[in-house]
Each structure stands twice: as structure tokens, then as C-alpha cells.
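What's in protein-v8.cif: mmCIF, C-alpha atoms
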```cif
data_entry
loop_
_atom_site.group_PDB
_atom_site.id
_atom_site.type_symbol
_atom_site.label_atom_id
_atom_site.label_comp_id
_atom_site.auth_asym_id
_atom_site.auth_seq_id
_atom_site.Cartn_x
_atom_site.Cartn_y
_atom_site.Cartn_z
ATOM 1 C CA MET A 1 -4.660 10.411 -14.393
ATOM 2 C CA GLY A 2 -6.004 11.329 -10.960
ATOM 3 C CA ALA A 3 -5.334 10.014 -7.483
ATOM 4 C CA LYS A 4 -3.829 6.594 -7.033
ATOM 5 C CA CYS A 5 -3.463 4.296 -4.064
ATOM 6 C CA GLN A 6 -0.298 5.147 -2.184
ATOM 7 C CA SER A 7 0.227 1.488 -1.323
ATOM 8 C CA CYS A 8 -0.272 -0.379 -4.625
ATOM 9 C CA GLY A 9 -0.620 2.347 -7.264
ATOM 10 C CA MET A 10 -4.109 1.477 -8.490
ATOM 11 C CA PRO A 11 -6.036 4.517 -9.734
ATOM 12 C CA LEU A 12 -8.662 5.212 -7.070
ATOM 13 C CA ASN A 13 -11.278 5.832 -9.754
ATOM 14 C CA LYS A 14 -10.804 2.171 -10.834
ATOM 15 C CA ASP A 15 -11.476 0.901 -7.297
ATOM 16 C CA PRO A 16 -15.011 -0.552 -7.183
ATOM 17 C CA SER A 17 -15.382 0.987 -3.708
ATOM 18 C CA LYS A 18 -13.684 4.279 -4.753
ATOM 19 C CA GLY A 19 -11.164 3.881 -1.917
ATOM 20 C CA GLY A 20 -10.483 2.025 1.286
ATOM 21 C CA THR A 21 -12.156 2.992 4.548
ATOM 22 C CA GLU A 22 -10.872 5.003 7.468
ATOM 23 C CA ALA A 23 -11.523 3.942 11.073
ATOM 24 C CA ASP A 24 -14.621 6.193 11.153
ATOM 25 C CA GLY A 25 -16.030 4.526 8.018
ATOM 26 C CA SER A 26 -15.252 7.403 5.656
ATOM 27 C CA ILE A 27 -13.643 6.722 2.280
ATOM 28 C CA SER A 28 -9.859 7.035 2.195
ATOM 29 C CA GLN A 29 -8.488 9.544 -0.275
ATOM 30 C CA THR A 30 -5.073 7.860 -0.020
ATOM 31 C CA TYR A 31 -5.516 4.080 -0.203
ATOM 32 C CA CYS A 32 -7.689 1.651 -2.193
ATOM 33 C CA SER A 33 -10.103 -0.905 -0.768
ATOM 34 C CA PHE A 34 -7.739 -3.744 -1.687
ATOM 35 C CA CYS A 35 -5.006 -2.308 0.561
ATOM 36 C CA TYR A 36 -6.805 -0.477 3.371
ATOM 37 C CA ARG A 37 -9.870 -1.184 5.509
ATOM 38 C CA ASP A 38 -11.157 0.315 8.769
ATOM 39 C CA GLY A 39 -8.133 2.590 9.090
ATOM 40 C CA ALA A 40 -5.519 -0.174 8.752
ATOM 41 C CA PHE A 41 -3.598 -1.933 6.008
ATOM 42 C CA ILE A 42 -5.008 -5.302 4.979
ATOM 43 C CA HIS A 43 -1.418 -6.621 4.656
ATOM 44 C CA PRO A 44 0.377 -4.632 7.368
ATOM 45 C CA ASP A 45 3.534 -6.733 7.358
ATOM 46 C CA PHE A 46 4.179 -6.697 3.596
ATOM 47 C CA THR A 47 7.518 -5.380 2.436
ATOM 48 C CA VAL A 48 7.568 -3.344 -0.752
ATOM 49 C CA ALA A 49 8.890 -6.400 -2.629
ATOM 50 C CA GLU A 50 6.032 -8.521 -1.281
ATOM 51 C CA MET A 51 3.522 -5.870 -2.352
ATOM 52 C CA GLN A 52 5.020 -5.817 -5.837
ATOM 53 C CA GLU A 53 4.763 -9.600 -6.107
ATOM 54 C CA HIS A 54 1.218 -9.633 -4.706
ATOM 55 C CA CYS A 55 0.106 -6.985 -7.214
ATOM 56 C CA LEU A 56 1.853 -8.758 -10.072
ATOM 57 C CA VAL A 57 -0.040 -11.969 -9.294
ATOM 58 C CA GLN A 58 -3.365 -10.134 -8.929
ATOM 59 C CA LEU A 59 -2.938 -8.266 -12.206
ATOM 60 C CA ARG A 60 -1.997 -11.447 -14.080
ATOM 61 C CA GLU A 61 -5.011 -13.289 -12.603
ATOM 62 C CA ARG A 62 -7.207 -10.483 -13.933
ATOM 63 C CA GLY A 63 -5.840 -10.926 -17.432
ATOM 64 C CA MET A 64 -3.155 -8.257 -17.708
ATOM 65 C CA PRO A 65 -0.224 -9.310 -19.907
ATOM 66 C CA ALA A 66 2.879 -10.156 -17.859
ATOM 67 C CA ILE A 67 5.046 -7.329 -19.226
ATOM 68 C CA MET A 68 2.360 -4.721 -18.536
ATOM 69 C CA ALA A 69 1.851 -6.040 -15.008
ATOM 70 C CA TRP A 70 5.600 -5.929 -14.395
ATOM 71 C CA VAL A 71 5.833 -2.329 -15.639
ATOM 72 C CA PHE A 72 2.866 -1.303 -13.513
ATOM 73 C CA THR A 73 4.406 -2.690 -10.310
ATOM 74 C CA ARG A 74 7.809 -1.017 -10.818
ATOM 75 C CA GLY A 75 6.486 2.296 -9.446
ATOM 76 C CA ILE A 76 5.274 0.862 -6.138
ATOM 77 C CA PRO A 77 8.486 1.664 -4.171
ATOM 78 C CA LYS A 78 7.964 5.386 -4.926
ATOM 79 C CA LEU A 79 4.457 5.525 -3.389
ATOM 80 C CA GLY A 80 3.693 7.221 -0.073
ATOM 81 C CA ARG A 81 3.338 4.091 2.034
ATOM 82 C CA TRP A 82 6.823 2.972 1.100
ATOM 83 C CA THR A 83 8.625 6.318 1.205
ATOM 84 C CA ALA A 84 7.279 7.563 4.543
#
```
In C-alpha cells, what does this structure look like?
Amino acid sequence: MGAKCQSCGMPLNKDPSKGGTEADGSISQTYCSFCYRDGAFIHPDFTVAEMQEHCLVQLRERGMPAIMAWVFTRGIPKLGRWTA
């Protein structure tokens, strides 16, 4: 499957920007552009539950069936941002 964002779980190869950006402008190998910009999280105060809900809404708005979106977001608590 390849690398995935360690904040939301999106495959980095599906990110239109191919990853977020580090403070020096380089592409992050860890986080997507929807979660991470300029070396910082876009939603720094989100809890894991808030991230799951945010992702669920975003996936549904992009046309993913509700059950698939729910399944996709269940793995978020196991990602690096949330287990560190």
C-alpha cells in the first residue's frame, strides 16, 4: 500500500501535494498536506476523536459511502501522531 499519513491515514501517494511541508519547505514523508504545513499540524489541538470525525465528514463530502468512511477512520488512533 505504501506510506500513509501518520495523522489521518491517507495514503501519501493519493495526496495531490504528495505530502505536507516541513519548516524548511521540503515534503514531509510522514504527514499529508491536509494535516501538516510548514512544519506544524494544521489542526494542532484536535484530539484523536476530533480527527476521526473531521476525516469522516471530509470523506463523506467527497462521495465515500458512510460505512467505508467509518471503517477507514477506525485505524486513526493507531497512527504515529496519536501513539507518540
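Proximity of A:Arg81, A:Lys18, A:Lys4, A:His54 to A:Ala69, computed with only C-alpha atoms, is greatest for A:His54.
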Coordinates-based distance that separates atom CA of A:Glu53 from atom CA of A:Asp38 (Å, one decimal):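 Interatomic distance, atom CA of A:Asp38 to atom CA of A:Glu53: 23.9 Å.
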Selection: 12 Å around A:Val71, only C-alpha atoms, excl. self and same-chain fewer than 6 positions, as a PyMOL selection string: chain A and resi 9+52+55-56+59+64-65
Next, dump the selected residues to file, keeping only C-alpha atoms, as a PDB file, keeping the file's coordinate frame.
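The file below, part-v4.pdb, is the result:
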```pdb
ATOM      1  CA  GLY A   9      -0.620   2.347  -7.264  1.00  0.00           C
ATOM      2  CA  GLN A  52       5.020  -5.817  -5.837  1.00  0.00           C
ATOM      3  CA  CYS A  55       0.106  -6.985  -7.214  1.00  0.00           C
ATOM      4  CA  LEU A  56       1.853  -8.758 -10.072  1.00  0.00           C
ATOM      5  CA  LEU A  59      -2.938  -8.266 -12.206  1.00  0.00           C
ATOM      6  CA  MET A  64      -3.155  -8.257 -17.708  1.00  0.00           C
ATOM      7  CA  PRO A  65      -0.224  -9.310 -19.907  1.00  0.00           C
TER       8      PRO A  65
END
```
Can you list, as a PDB file with C-alpha atoms, in the frame of the given file, the residues that the PyMOL selection byres ((chain A and resi 25) around 12) selects here?
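The result, stored in expr22.pdb:
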```pdb
ATOM      1  CA  GLY A  19     -11.164   3.881  -1.917  1.00  0.00           C
ATOM      2  CA  GLY A  20     -10.483   2.025   1.286  1.00  0.00           C
ATOM      3  CA  THR A  21     -12.156   2.992   4.548  1.00  0.00           C
ATOM      4  CA  GLU A  22     -10.872   5.003   7.468  1.00  0.00           C
ATOM      5  CA  ALA A  23     -11.523   3.942  11.073  1.00  0.00           C
ATOM      6  CA  ASP A  24     -14.621   6.193  11.153  1.00  0.00           C
ATOM      7  CA  SER A  26     -15.252   7.403   5.656  1.00  0.00           C
ATOM      8  CA  ILE A  27     -13.643   6.722   2.280  1.00  0.00           C
ATOM      9  CA  SER A  28      -9.859   7.035   2.195  1.00  0.00           C
ATOM     10  CA  SER A  33     -10.103  -0.905  -0.768  1.00  0.00           C
ATOM     11  CA  TYR A  36      -6.805  -0.477   3.371  1.00  0.00           C
ATOM     12  CA  ARG A  37      -9.870  -1.184   5.509  1.00  0.00           C
ATOM     13  CA  ASP A  38     -11.157   0.315   8.769  1.00  0.00           C
ATOM     14  CA  GLY A  39      -8.133   2.590   9.090  1.00  0.00           C
ATOM     15  CA  ALA A  40      -5.519  -0.174   8.752  1.00  0.00           C
TER      16      ALA A  40
END
```
Residue members of the PyMOL selection byres ((chain A and resi 76) around 8) in the file shown, as a list of chain:residue names: A:Ser7, A:Cys8, A:Gly9, A:Val48, A:Met51, A:Gln52, A:Thr73, A:Arg74, A:Gly75, A:Pro77, A:Lys78, A:Leu79, A:Trp82
Separation of atom CA of A:Glu50 from atom CA of A:Leu12, in Å and rounded to one decimal: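 About the pair atom CA of A:Glu50 and atom CA of A:Leu12: they are 20.9 Å apart.
In this structure, atom CA of A:Tyr31 sits 15.0 Å away from atom CA of A:Phe46.
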Among listed residues A:Gln58, A:Phe34, A:Thr83, A:Ala49, nearest A:Cys5 (using only C-alpha atoms): A:Phe34
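Checking A:Ile67, A:Val57, A:Cys32, A:Ile42 one by one against A:Pro16, counting all atoms listed in the file, you find the shortest gap at A:Cys32.
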Box in all listed atoms of stretch 44-49 of chain A, axis-aligned, with 4 Å more on each side; write out centre and edge lengths in Å to one decimal as lines of an AutoDock Vina configuration file.
```
center_x = 4.6
center_y = -5.0
center_z = 2.4
size_x = 16.5
size_y = 11.4
size_z = 18.0
```
Residue nearest A:Phe72 among A:Cys35, A:Arg60, A:Thr47, A:Lys14 (counting all atoms listed in the file):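 Counting all atoms listed in the file, the residue closest to A:Phe72 is A:Arg60.
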Restrict the output to chain A and C-alpha atoms, then write it as a compact mmCIF listing (two decimals), in the first residue's frame.
```txt
# COMPACT_ATOMS: atom_id res chain seq x y z
CA MET A 1 0.00 0.00 0.00
CA GLY A 2 2.86 2.40 0.69
CA ALA A 3 3.34 5.21 3.17
CA LYS A 4 0.34 6.82 4.78
CA CYS A 5 -0.15 9.99 6.75
CA GLN A 6 0.56 9.34 10.41
CA SER A 7 -2.15 11.80 11.42
CA CYS A 8 -5.17 10.88 9.27
CA GLY A 9 -4.18 7.67 7.48
CA MET A 10 -4.48 8.92 3.91
CA PRO A 11 -2.06 7.19 1.52
CA LEU A 12 0.61 9.79 0.73
CA ASN A 13 0.53 8.80 -2.94
CA LYS A 14 -3.13 9.97 -3.01
CA ASP A 15 -2.19 13.41 -1.64
CA PRO A 16 -2.28 15.93 -4.51
CA SER A 17 0.82 17.56 -2.99
CA LYS A 18 2.48 14.17 -2.22
CA GLY A 19 2.84 15.18 1.44
CA GLY A 20 2.73 18.12 3.79
CA THR A 21 5.65 20.52 4.11
CA GLU A 22 8.37 20.75 6.71
CA ALA A 23 9.51 24.10 8.14
CA ASP A 24 12.29 24.26 5.51
CA GLY A 25 9.77 23.74 2.68
CA SER A 26 10.70 20.12 1.98
CA ILE A 27 7.98 17.50 1.53
CA SER A 28 7.09 15.54 4.66
CA GLN A 29 7.49 11.80 4.41
CA THR A 30 5.25 11.40 7.47
CA TYR A 31 2.21 13.66 7.11
CA CYS A 32 -0.13 14.71 4.28
CA SER A 33 -0.79 18.25 3.09
CA PHE A 34 -4.26 18.20 4.67
CA CYS A 35 -2.76 17.65 8.14
CA TYR A 36 0.67 19.31 8.09
CA ARG A 37 2.06 22.56 6.68
CA ASP A 38 5.29 24.48 7.31
CA GLY A 39 6.42 22.01 9.96
CA ALA A 40 3.23 22.19 12.06
CA PHE A 41 -0.14 20.49 12.25
CA ILE A 42 -2.98 22.38 10.61
CA HIS A 43 -5.27 21.30 13.49
CA PRO A 44 -2.82 21.17 16.41
CA ASP A 45 -5.46 20.95 19.12
CA PHE A 46 -7.50 18.09 17.64
CA THR A 47 -7.99 15.02 19.78
CA VAL A 48 -7.94 11.66 18.05
CA ALA A 49 -11.76 11.56 18.24
CA GLU A 50 -11.97 15.00 16.62
CA MET A 51 -9.62 13.88 13.85
CA GLN A 52 -11.76 10.81 13.23
CA GLU A 53 -14.90 12.94 12.98
CA HIS A 54 -13.19 15.51 10.75
CA CYS A 55 -11.96 12.78 8.39
CA LEU A 56 -15.35 11.08 8.37
CA VAL A 57 -17.02 14.33 7.29
CA GLN A 58 -14.37 15.02 4.63
CA LEU A 59 -14.62 11.53 3.17
CA ARG A 60 -18.42 11.67 3.05
CA GLU A 61 -18.30 15.11 1.36
CA ARG A 62 -16.04 13.58 -1.29
CA GLY A 63 -18.55 10.85 -2.01
CA MET A 64 -17.30 7.89 0.03
CA PRO A 65 -20.12 5.69 1.34
CA ALA A 66 -20.69 6.16 5.08
CA ILE A 67 -19.71 2.61 6.08
CA MET A 68 -16.45 2.78 4.12
CA ALA A 69 -15.61 6.17 5.63
CA TRP A 70 -16.31 4.82 9.11
CA VAL A 71 -14.07 1.78 8.53
CA PHE A 72 -11.30 3.97 7.15
CA THR A 73 -11.27 6.25 10.21
CA ARG A 74 -11.16 3.39 12.76
CA GLY A 75 -7.39 3.00 12.29
CA ILE A 76 -6.54 6.62 13.09
CA PRO A 77 -5.85 6.03 16.83
CA LYS A 78 -3.04 3.60 15.88
CA LEU A 79 -1.13 6.15 13.75
CA GLY A 80 2.14 7.75 14.84
CA ARG A 81 0.75 11.16 15.77
CA TRP A 82 -1.65 9.59 18.23
CA THR A 83 0.60 6.91 19.71
CA ALA A 84 3.68 9.06 20.34
```
